[in-house]
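So this block is upload_14.cif, mmCIF, C-alpha atoms and all ligand atoms:
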data_run
loop_
_atom_site.label_atom_id
_atom_site.label_comp_id
_atom_site.auth_asym_id
_atom_site.auth_seq_id
_atom_site.Cartn_x
_atom_site.Cartn_y
_atom_site.Cartn_z
CA MET A 1 -11.07 -19.03 20.56
CA ASN A 2 -8.08 -18.41 18.26
CA ALA A 3 -10.04 -15.86 16.21
CA LEU A 4 -10.50 -13.70 19.30
CA LEU A 5 -6.80 -13.86 20.16
CA LEU A 6 -5.82 -13.02 16.58
CA HIS A 7 -8.25 -10.12 16.58
CA GLU A 8 -6.86 -8.78 19.85
CA TYR A 9 -3.19 -9.11 18.85
CA ILE A 10 -3.65 -7.52 15.43
CA GLU A 11 -5.79 -4.72 16.85
CA ARG A 12 -3.16 -4.01 19.50
CA ILE A 13 -0.37 -3.96 16.91
CA SER A 14 -2.42 -1.57 14.74
CA ARG A 15 -2.86 0.78 17.67
CA LEU A 16 0.87 0.74 18.37
CA PHE A 17 1.57 1.60 14.72
CA ASP A 18 -1.01 4.37 14.86
CA SER A 19 0.40 5.93 18.00
CA GLU A 20 3.92 5.87 16.53
CA ILE A 21 2.74 7.34 13.23
CA ARG A 22 0.70 9.96 15.09
CA TRP A 23 3.84 11.07 16.90
CA VAL A 24 5.91 11.41 13.70
CA GLY A 25 3.00 12.92 11.74
CA ALA A 26 2.46 15.57 14.43
CA GLU A 27 5.74 17.21 13.38
CA HIS A 28 4.09 17.91 10.01
CA ASN A 29 0.56 18.35 11.35
CA LEU A 30 -0.51 15.11 9.65
CA GLN A 31 -2.99 12.51 10.93
CA PRO A 32 -2.17 8.74 10.76
CA ILE A 33 -4.73 8.32 7.96
CA GLN A 34 -2.90 10.92 5.87
CA LEU A 35 0.42 9.14 6.35
CA ASN A 36 -1.20 5.79 5.56
CA ALA A 37 -2.61 7.20 2.30
CA LEU A 38 0.84 8.59 1.43
CA HIS A 39 2.45 5.23 2.17
CA PHE A 40 -0.07 3.44 -0.05
CA LEU A 41 0.46 5.89 -2.93
CA ASN A 42 4.21 5.40 -2.70
CA ARG A 43 3.80 1.63 -3.17
CA SER A 44 0.95 1.56 -5.69
CA ASN A 45 1.20 1.11 -9.44
CA ARG A 46 -0.30 3.24 -12.21
CA TYR A 47 -3.62 1.37 -12.08
CA SER A 48 -3.97 2.06 -8.37
CA ASN A 49 -2.47 5.48 -7.52
CA THR A 50 -5.82 7.21 -7.98
CA VAL A 51 -8.58 8.53 -5.71
CA GLN A 52 -10.48 5.28 -6.25
CA GLY A 53 -7.42 3.19 -5.40
CA VAL A 54 -6.89 5.05 -2.12
CA THR A 55 -10.61 4.80 -1.28
CA GLU A 56 -10.68 1.04 -1.84
CA TYR A 57 -7.37 0.36 -0.13
CA LEU A 58 -8.13 2.32 3.03
CA GLY A 59 -11.84 1.41 3.06
CA LEU A 60 -12.88 5.03 3.68
CA THR A 61 -15.60 7.26 2.29
CA LYS A 62 -14.86 9.38 -0.77
CA GLY A 63 -15.29 12.57 1.30
CA THR A 64 -12.66 11.52 3.84
CA VAL A 65 -10.28 10.47 1.08
CA SER A 66 -10.75 13.78 -0.77
CA GLN A 67 -9.91 15.74 2.39
CA THR A 68 -6.92 13.48 3.09
CA LEU A 69 -5.54 13.93 -0.42
CA ALA A 70 -6.19 17.69 -0.42
CA THR A 71 -4.08 17.99 2.76
CA LEU A 72 -1.25 15.91 1.29
CA GLU A 73 -1.30 17.98 -1.89
CA SER A 74 -1.39 21.33 -0.06
CA LYS A 75 1.68 20.29 1.96
CA GLY A 76 3.54 19.28 -1.20
CA PHE A 77 3.68 15.54 -0.43
CA ILE A 78 1.74 14.46 -3.53
CA LYS A 79 1.23 15.87 -7.01
CA LYS A 80 -1.64 15.24 -9.42
CA ASN A 81 -0.72 14.19 -12.96
CA ALA A 82 -3.14 13.42 -15.79
CA ASP A 83 -2.70 10.01 -17.42
CA LYS A 84 -0.78 10.28 -20.70
CA LYS A 85 -3.23 8.02 -22.55
CA ASP A 86 -6.51 8.86 -20.83
CA GLY A 87 -6.83 12.45 -19.60
CA ARG A 88 -9.83 11.53 -17.43
CA VAL A 89 -7.57 9.47 -15.15
CA VAL A 90 -5.55 11.43 -12.60
CA HIS A 91 -2.53 9.82 -10.95
CA LEU A 92 -1.46 10.85 -7.46
CA ASN A 93 2.32 10.77 -7.42
CA VAL A 94 4.37 11.08 -4.25
CA THR A 95 6.86 13.96 -4.40
CA ARG A 96 10.46 13.80 -3.14
CA ALA A 97 9.30 15.60 0.05
CA GLY A 98 6.65 12.88 0.55
CA GLN A 99 9.21 10.13 0.03
CA LYS A 100 11.59 11.72 2.53
CA LEU A 101 8.80 11.87 5.11
CA LEU A 102 7.96 8.20 4.53
CA GLU A 103 11.58 7.20 4.97
CA LYS A 104 11.31 8.46 8.57
CA THR A 105 8.03 6.67 9.33
CA MET A 106 7.81 3.44 7.31
CA PRO A 107 8.53 0.82 8.42
CA SER A 108 7.71 1.86 11.94
CA PRO A 109 10.93 2.21 14.01
CA ALA A 110 9.42 -0.03 16.73
CA ALA A 111 8.53 -2.69 14.14
CA GLN A 112 12.09 -2.58 12.84
CA ARG A 113 13.47 -3.13 16.34
CA ALA A 114 10.99 -5.94 17.07
CA CYS A 115 11.92 -7.64 13.77
CA ALA A 116 15.61 -7.32 14.54
CA GLY A 117 15.00 -9.44 17.64
CA MET A 118 13.55 -12.31 15.58
CA GLN A 119 15.30 -14.97 13.53
CA GLU A 120 15.06 -14.56 9.73
CA LYS A 121 13.09 -17.83 9.56
CA GLU A 122 10.59 -16.63 12.17
CA GLN A 123 10.08 -13.34 10.30
CA THR A 124 9.44 -15.17 7.00
CA GLN A 125 6.96 -17.53 8.66
CA LEU A 126 5.13 -14.68 10.39
CA ILE A 127 4.87 -12.73 7.11
CA GLU A 128 3.51 -15.79 5.29
CA ASN A 129 0.94 -16.49 8.01
CA LEU A 130 -0.24 -12.87 8.12
CA LYS A 131 -0.44 -12.78 4.32
CA GLN A 132 -2.69 -15.86 4.33
CA PHE A 133 -4.86 -14.38 7.07
CA LEU A 134 -5.19 -11.06 5.23
CA THR A 135 -6.09 -12.82 1.95
CA ALA A 136 -8.76 -14.88 3.72
CA MET A 137 -10.27 -11.77 5.33
CA GLN A 138 -10.24 -9.83 2.05
CA LYS A 139 -12.08 -12.71 0.34
CA ILE A 140 -14.72 -12.80 3.07
CA ASN A 141 -15.18 -9.02 2.90
CA GLY A 142 -15.21 -9.02 -0.93
CA MET A 143 -12.31 -6.57 -1.05
CA ASN A 144 -9.66 -6.24 -3.74
CA ALA A 145 -6.46 -8.01 -2.74
CA PHE A 146 -4.06 -5.16 -3.62
CA GLY A 147 -1.25 -7.66 -3.93
CA ILE A 148 2.25 -7.13 -5.29
CA CYS A 149 2.28 -7.30 -9.09
CA LYS A 150 4.94 -10.01 -9.38
CA THR A 151 2.66 -12.41 -7.48
CA CYS A 152 -0.33 -11.85 -9.82
CA ARG A 153 -1.58 -14.52 -12.19
CA TYR A 154 -1.68 -11.96 -15.07
CA ASN A 155 2.01 -11.13 -14.72
CA GLN A 156 4.04 -12.65 -17.56
CA LYS A 157 7.82 -12.61 -17.57
CA ILE A 158 9.09 -11.93 -21.11
CA THR A 159 12.80 -11.43 -20.41
CA GLU A 160 14.86 -10.74 -17.29
CA ASN A 161 13.89 -7.04 -17.38
CA LYS A 162 10.63 -7.09 -19.29
CA PHE A 163 7.20 -8.16 -18.07
CA PHE A 164 3.70 -8.01 -19.50
CA CYS A 165 0.29 -7.60 -17.87
CA GLY A 166 -2.18 -10.06 -19.37
CA LEU A 167 -5.11 -8.04 -18.04
CA THR A 168 -4.26 -4.52 -19.24
CA GLN A 169 -2.13 -5.77 -22.18
CA GLU A 170 0.64 -3.33 -21.26
CA ASN A 171 4.35 -3.76 -20.71
CA LEU A 172 5.71 -3.66 -17.18
CA ASN A 173 9.24 -2.97 -15.99
CA PRO A 174 10.93 -4.68 -13.02
CA LYS A 175 10.01 -1.76 -10.70
CA ASP A 176 6.33 -2.04 -11.70
CA THR A 177 6.32 -5.66 -10.61
CA GLU A 178 7.22 -4.67 -7.03
CA LEU A 179 4.22 -2.34 -6.64
CA LEU A 180 0.69 -2.88 -5.28
CA CYS A 181 -2.17 -3.26 -7.75
CA ARG A 182 -5.93 -3.06 -7.21
CA GLU A 183 -6.45 -5.53 -10.10
CA HIS A 184 -4.16 -8.15 -8.56
CA ILE A 185 -5.34 -11.75 -8.68
CA PRO A 186 -3.25 -14.15 -6.58
CA LEU A 187 -1.47 -17.02 -8.36
S1 LIG B 1 -0.08 -8.23 -13.71
FE1 LIG B 1 -1.73 -8.18 -12.21
S2 LIG B 1 -0.90 -6.96 -10.55
FE2 LIG B 1 0.39 -6.56 -12.33
S3 LIG B 1 -0.49 -4.77 -13.33
FE3 LIG B 1 -1.45 -6.56 -14.27
S4 LIG B 1 -3.34 -6.92 -13.10
FE4 LIG B 1 -2.01 -5.55 -11.89
#
Represent the supplied structure as structure tokens.
Amino acid sequence: MNALLLHEYIERISRLFDSEIRWVGAEHNLQPIQLNALHFLNRSNRYSNTVQGVTEYLGLTKGTVSQTLATLESKGFIKKNADKKDGRVVHLNVTRAGQKLLEKTMPSPAAQRACAGMQEKEQTQLIENLKQFLTAMQKINGMNAFGICKTCRYNQKITENKFFCGLTQENLNPKDTELLCREHIPL
């Protein structure tokens, strides 16, 4: 039963991450879910750093997400900014204080140490296998992939420093292409 073993290993790893994050978050009176939301917002692009993006990514109810974001905002870790083109859209941008907090927590110090004990080739293989497993599970659950922009089929490279999104018909810069997107479609 490989599925059972995979389930058990991944669940155990998640719990280890959670307990580590809980410990760091406690210094700031933050729950793991609040740090996870902050981490997502720090890596998400302008189409995804919204209440809806956080709700879809974390798979939580809107009420829980609203409370989570209200806490992050009250502590100065995120700031709301209206979209320049569409005032109905509100972006949730991570502040410098939020970024500094994330630098201490992500990646998890234990994960960094465990990785350091593995060969580069083993790390790459493990990442690829986990990516495939995650993609398969997201398909089964009908969830958005939230992949990295540069691996999306809509991403078009125009020049070395200029990219274009075929879906939104907007220009992208190199930094945009490294971020997570809720509209991502794998190549
Ligand atoms: S290219 Fe894909 S991932 Fe990038 S912004 Fe467009 S839809 Fe999102």
Specify the axis-aligned box that encloses all atoms of stretch 114-118 of chain A listed in the file after padding of 4 Å on each side, stating its centre and edge lengths in Å to one decimal as AutoDock Vina command-line options.
--center_x 13.3 --center_y -9.1 --center_z 15.7 --size_x 12.6 --size_y 14.4 --size_z 11.9
*Leaving out A:Glu160 and any residue of its chain fewer than 2 positions from it, which residues lie within 10 Å of it when counting all atoms listed in the file, given as a PyMOL selection string?*
chain A and resi 157-158+162-163+173-174
Hey, which bits of chain A sit within 9 Å of ligand LIG 1 (chain B), and for each residue what's the closest pair of atoms and how far apart in Å (one decimal), counting all atoms listed in the file, rows by chain and increasing number, as CSV?
residue,atom,partner,partner_atom,distance
A:Asn45,CA,B:LIG1,S3,7.3
A:Arg46,CA,B:LIG1,S3,8.1
A:Tyr47,CA,B:LIG1,S3,7.0
A:Ser48,CA,B:LIG1,FE4,8.6
A:Phe146,CA,B:LIG1,S2,7.8
A:Gly147,CA,B:LIG1,S2,6.7
A:Ile148,CA,B:LIG1,S2,6.1
A:Cys149,CA,B:LIG1,S2,3.5
A:Lys150,CA,B:LIG1,FE2,6.4
A:Thr151,CA,B:LIG1,S2,7.2
A:Cys152,CA,B:LIG1,FE1,4.6
A:Arg153,CA,B:LIG1,FE1,6.3
A:Tyr154,CA,B:LIG1,S1,4.3
A:Asn155,CA,B:LIG1,S1,3.7
A:Gln156,CA,B:LIG1,S1,7.2
A:Phe163,CA,B:LIG1,S1,8.5
A:Phe164,CA,B:LIG1,S1,6.9
A:Cys165,CA,B:LIG1,FE3,4.1
A:Gly166,CA,B:LIG1,FE3,6.2
A:Leu167,CA,B:LIG1,S4,5.4
A:Thr168,CA,B:LIG1,FE3,6.1
A:Gln169,CA,B:LIG1,FE3,8.0
A:Glu170,CA,B:LIG1,FE3,8.0
A:Asn171,CA,B:LIG1,S3,8.9
A:Leu172,CA,B:LIG1,S3,7.4
A:Asp176,CA,B:LIG1,FE2,7.5
A:Thr177,CA,B:LIG1,FE2,6.2
A:Glu178,CA,B:LIG1,FE2,8.8
A:Leu179,CA,B:LIG1,S2,7.9
A:Leu180,CA,B:LIG1,S2,6.9
A:Cys181,CA,B:LIG1,FE4,4.7
A:Arg182,CA,B:LIG1,FE4,6.6
A:Glu183,CA,B:LIG1,S4,4.5
A:His184,CA,B:LIG1,S2,4.0
A:Ile185,CA,B:LIG1,FE1,6.2
A:Pro186,CA,B:LIG1,FE1,8.3
Output C-alpha atoms for every residue in the selection just made, as a short mmCIF file (atom, residue, chain, number, x, y, z; two decimals), keeping the file's coordinate frame.
data_model
loop_
_atom_site.label_atom_id
_atom_site.label_comp_id
_atom_site.auth_asym_id
_atom_site.auth_seq_id
_atom_site.Cartn_x
_atom_site.Cartn_y
_atom_site.Cartn_z
CA ASN A 45 1.20 1.11 -9.44
CA ARG A 46 -0.30 3.24 -12.21
CA TYR A 47 -3.62 1.37 -12.08
CA SER A 48 -3.97 2.06 -8.37
CA PHE A 146 -4.06 -5.16 -3.62
CA GLY A 147 -1.25 -7.66 -3.93
CA ILE A 148 2.25 -7.13 -5.29
CA CYS A 149 2.28 -7.30 -9.09
CA LYS A 150 4.94 -10.01 -9.38
CA THR A 151 2.66 -12.41 -7.48
CA CYS A 152 -0.33 -11.85 -9.82
CA ARG A 153 -1.58 -14.52 -12.19
CA TYR A 154 -1.68 -11.96 -15.07
CA ASN A 155 2.01 -11.13 -14.72
CA GLN A 156 4.04 -12.65 -17.56
CA PHE A 163 7.20 -8.16 -18.07
CA PHE A 164 3.70 -8.01 -19.50
CA CYS A 165 0.29 -7.60 -17.87
CA GLY A 166 -2.18 -10.06 -19.37
CA LEU A 167 -5.11 -8.04 -18.04
CA THR A 168 -4.26 -4.52 -19.24
CA GLN A 169 -2.13 -5.77 -22.18
CA GLU A 170 0.64 -3.33 -21.26
CA ASN A 171 4.35 -3.76 -20.71
CA LEU A 172 5.71 -3.66 -17.18
CA ASP A 176 6.33 -2.04 -11.70
CA THR A 177 6.32 -5.66 -10.61
CA GLU A 178 7.22 -4.67 -7.03
CA LEU A 179 4.22 -2.34 -6.64
CA LEU A 180 0.69 -2.88 -5.28
CA CYS A 181 -2.17 -3.26 -7.75
CA ARG A 182 -5.93 -3.06 -7.21
CA GLU A 183 -6.45 -5.53 -10.10
CA HIS A 184 -4.16 -8.15 -8.56
CA ILE A 185 -5.34 -11.75 -8.68
CA PRO A 186 -3.25 -14.15 -6.58
#
*Nearest-residue call for A:Lys100, choices A:Thr71, A:Ile21, A:Thr124, A:Asn42, using only C-alpha atoms*: A:Asn42
*Surrounding residues of A:Lys79 excluding itself and chain neighbours under 3 positions, 12 Å, only C-alpha atoms, as a ChimeraX atom specification*: /A:38,41-42,49-50,69-76,82,90-98
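Taking atom CA of A:Glu11 and atom CA of A:Gly63 as the two end points, the separation is 25.1 Å.
In this model, the gap between atom CA of A:Pro32 and atom CA of A:Arg15 comes to 10.6 Å.
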*To one decimal place, how far is atom CA of A:Phe17 from atom CA of A:Ser108 in Å?*
6.7 Å
_Minimum-distance residue to A:Ile10, chosen among A:Met137, A:Leu130, A:Val54, A:Leu30 (using all atoms listed in the file)_ = A:Leu130
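Nearest-residue note for A:Gln138: choosing from A:Lys62, A:Tyr57, A:Ser44, A:Cys115, the minimum distance belongs to A:Tyr57, counting all atoms listed in the file.
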Take stretch 65-91 of chain A, bring it up to N, CA and C atoms, and give me the output as a PDB file, keeping the file's coordinate frame.
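Wrote rebuild28.pdb, looks like this:
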ATOM      1  N   VAL A  65     -11.457  10.622   1.939  1.00  0.00           N
ATOM      2  CA  VAL A  65     -10.280  10.470   1.080  1.00  0.00           C
ATOM      3  C   VAL A  65      -9.966  11.796   0.387  1.00  0.00           C
ATOM      4  N   SER A  66     -10.990  12.496  -0.093  1.00  0.00           N
ATOM      5  CA  SER A  66     -10.750  13.780  -0.770  1.00  0.00           C
ATOM      6  C   SER A  66     -10.059  14.759   0.164  1.00  0.00           C
ATOM      7  N   GLN A  67     -10.532  14.823   1.415  1.00  0.00           N
ATOM      8  CA  GLN A  67      -9.910  15.740   2.390  1.00  0.00           C
ATOM      9  C   GLN A  67      -8.463  15.336   2.657  1.00  0.00           C
ATOM     10  N   THR A  68      -8.270  14.021   2.810  1.00  0.00           N
ATOM     11  CA  THR A  68      -6.920  13.480   3.090  1.00  0.00           C
ATOM     12  C   THR A  68      -5.963  13.858   1.971  1.00  0.00           C
ATOM     13  N   LEU A  69      -6.408  13.654   0.725  1.00  0.00           N
ATOM     14  CA  LEU A  69      -5.540  13.930  -0.420  1.00  0.00           C
ATOM     15  C   LEU A  69      -5.306  15.426  -0.597  1.00  0.00           C
ATOM     16  N   ALA A  70      -6.342  16.229  -0.300  1.00  0.00           N
ATOM     17  CA  ALA A  70      -6.190  17.690  -0.420  1.00  0.00           C
ATOM     18  C   ALA A  70      -5.108  18.167   0.551  1.00  0.00           C
ATOM     19  N   THR A  71      -5.103  17.595   1.769  1.00  0.00           N
ATOM     20  CA  THR A  71      -4.080  17.990   2.760  1.00  0.00           C
ATOM     21  C   THR A  71      -2.691  17.599   2.267  1.00  0.00           C
ATOM     22  N   LEU A  72      -2.567  16.369   1.770  1.00  0.00           N
ATOM     23  CA  LEU A  72      -1.250  15.910   1.290  1.00  0.00           C
ATOM     24  C   LEU A  72      -0.757  16.774   0.136  1.00  0.00           C
ATOM     25  N   GLU A  73      -1.690  17.159  -0.736  1.00  0.00           N
ATOM     26  CA  GLU A  73      -1.300  17.980  -1.890  1.00  0.00           C
ATOM     27  C   GLU A  73      -0.903  19.388  -1.437  1.00  0.00           C
ATOM     28  N   SER A  74      -1.689  19.961  -0.505  1.00  0.00           N
ATOM     29  CA  SER A  74      -1.390  21.330  -0.060  1.00  0.00           C
ATOM     30  C   SER A  74      -0.044  21.409   0.657  1.00  0.00           C
ATOM     31  N   LYS A  75       0.386  20.292   1.249  1.00  0.00           N
ATOM     32  CA  LYS A  75       1.680  20.290   1.960  1.00  0.00           C
ATOM     33  C   LYS A  75       2.827  19.872   1.038  1.00  0.00           C
ATOM     34  N   GLY A  76       2.492  19.615  -0.224  1.00  0.00           N
ATOM     35  CA  GLY A  76       3.540  19.280  -1.200  1.00  0.00           C
ATOM     36  C   GLY A  76       4.031  17.851  -1.136  1.00  0.00           C
ATOM     37  N   PHE A  77       3.240  16.941  -0.526  1.00  0.00           N
ATOM     38  CA  PHE A  77       3.680  15.540  -0.430  1.00  0.00           C
ATOM     39  C   PHE A  77       3.210  14.689  -1.605  1.00  0.00           C
ATOM     40  N   ILE A  78       2.162  15.151  -2.302  1.00  0.00           N
ATOM     41  CA  ILE A  78       1.740  14.460  -3.530  1.00  0.00           C
ATOM     42  C   ILE A  78       1.478  15.494  -4.622  1.00  0.00           C
ATOM     43  N   LYS A  79       1.480  14.986  -5.866  1.00  0.00           N
ATOM     44  CA  LYS A  79       1.230  15.870  -7.010  1.00  0.00           C
ATOM     45  C   LYS A  79       0.282  15.130  -7.948  1.00  0.00           C
ATOM     46  N   LYS A  80      -0.708  15.856  -8.485  1.00  0.00           N
ATOM     47  CA  LYS A  80      -1.640  15.240  -9.420  1.00  0.00           C
ATOM     48  C   LYS A  80      -1.081  15.320 -10.835  1.00  0.00           C
ATOM     49  N   ASN A  81      -1.171  14.200 -11.561  1.00  0.00           N
ATOM     50  CA  ASN A  81      -0.720  14.190 -12.960  1.00  0.00           C
ATOM     51  C   ASN A  81      -1.760  13.449 -13.794  1.00  0.00           C
ATOM     52  N   ALA A  82      -2.175  14.084 -14.899  1.00  0.00           N
ATOM     53  CA  ALA A  82      -3.140  13.420 -15.790  1.00  0.00           C
ATOM     54  C   ALA A  82      -2.454  12.243 -16.489  1.00  0.00           C
ATOM     55  N   ASP A  83      -3.228  11.180 -16.710  1.00  0.00           N
ATOM     56  CA  ASP A  83      -2.700  10.010 -17.420  1.00  0.00           C
ATOM     57  C   ASP A  83      -2.351  10.409 -18.858  1.00  0.00           C
ATOM     58  N   LYS A  84      -1.218   9.881 -19.354  1.00  0.00           N
ATOM     59  CA  LYS A  84      -0.780  10.280 -20.700  1.00  0.00           C
ATOM     60  C   LYS A  84      -1.728   9.757 -21.785  1.00  0.00           C
ATOM     61  N   LYS A  85      -2.362   8.589 -21.517  1.00  0.00           N
ATOM     62  CA  LYS A  85      -3.230   8.020 -22.550  1.00  0.00           C
ATOM     63  C   LYS A  85      -4.691   8.420 -22.366  1.00  0.00           C
ATOM     64  N   ASP A  86      -5.114   8.552 -21.109  1.00  0.00           N
ATOM     65  CA  ASP A  86      -6.510   8.860 -20.830  1.00  0.00           C
ATOM     66  C   ASP A  86      -6.571  10.041 -19.852  1.00  0.00           C
ATOM     67  N   GLY A  87      -6.845  11.229 -20.402  1.00  0.00           N
ATOM     68  CA  GLY A  87      -6.830  12.450 -19.600  1.00  0.00           C
ATOM     69  C   GLY A  87      -7.850  12.477 -18.473  1.00  0.00           C
ATOM     70  N   ARG A  88      -8.826  11.550 -18.511  1.00  0.00           N
ATOM     71  CA  ARG A  88      -9.830  11.530 -17.430  1.00  0.00           C
ATOM     72  C   ARG A  88      -9.253  10.920 -16.157  1.00  0.00           C
ATOM     73  N   VAL A  89      -8.188  10.133 -16.322  1.00  0.00           N
ATOM     74  CA  VAL A  89      -7.570   9.470 -15.150  1.00  0.00           C
ATOM     75  C   VAL A  89      -6.482  10.373 -14.578  1.00  0.00           C
ATOM     76  N   VAL A  90      -6.559  10.586 -13.262  1.00  0.00           N
ATOM     77  CA  VAL A  90      -5.550  11.430 -12.600  1.00  0.00           C
ATOM     78  C   VAL A  90      -4.737  10.556 -11.637  1.00  0.00           C
ATOM     79  N   HIS A  91      -3.418  10.576 -11.835  1.00  0.00           N
ATOM     80  CA  HIS A  91      -2.530   9.820 -10.950  1.00  0.00           C
ATOM     81  C   HIS A  91      -2.063  10.718  -9.806  1.00  0.00           C
TER      82      HIS A  91
END
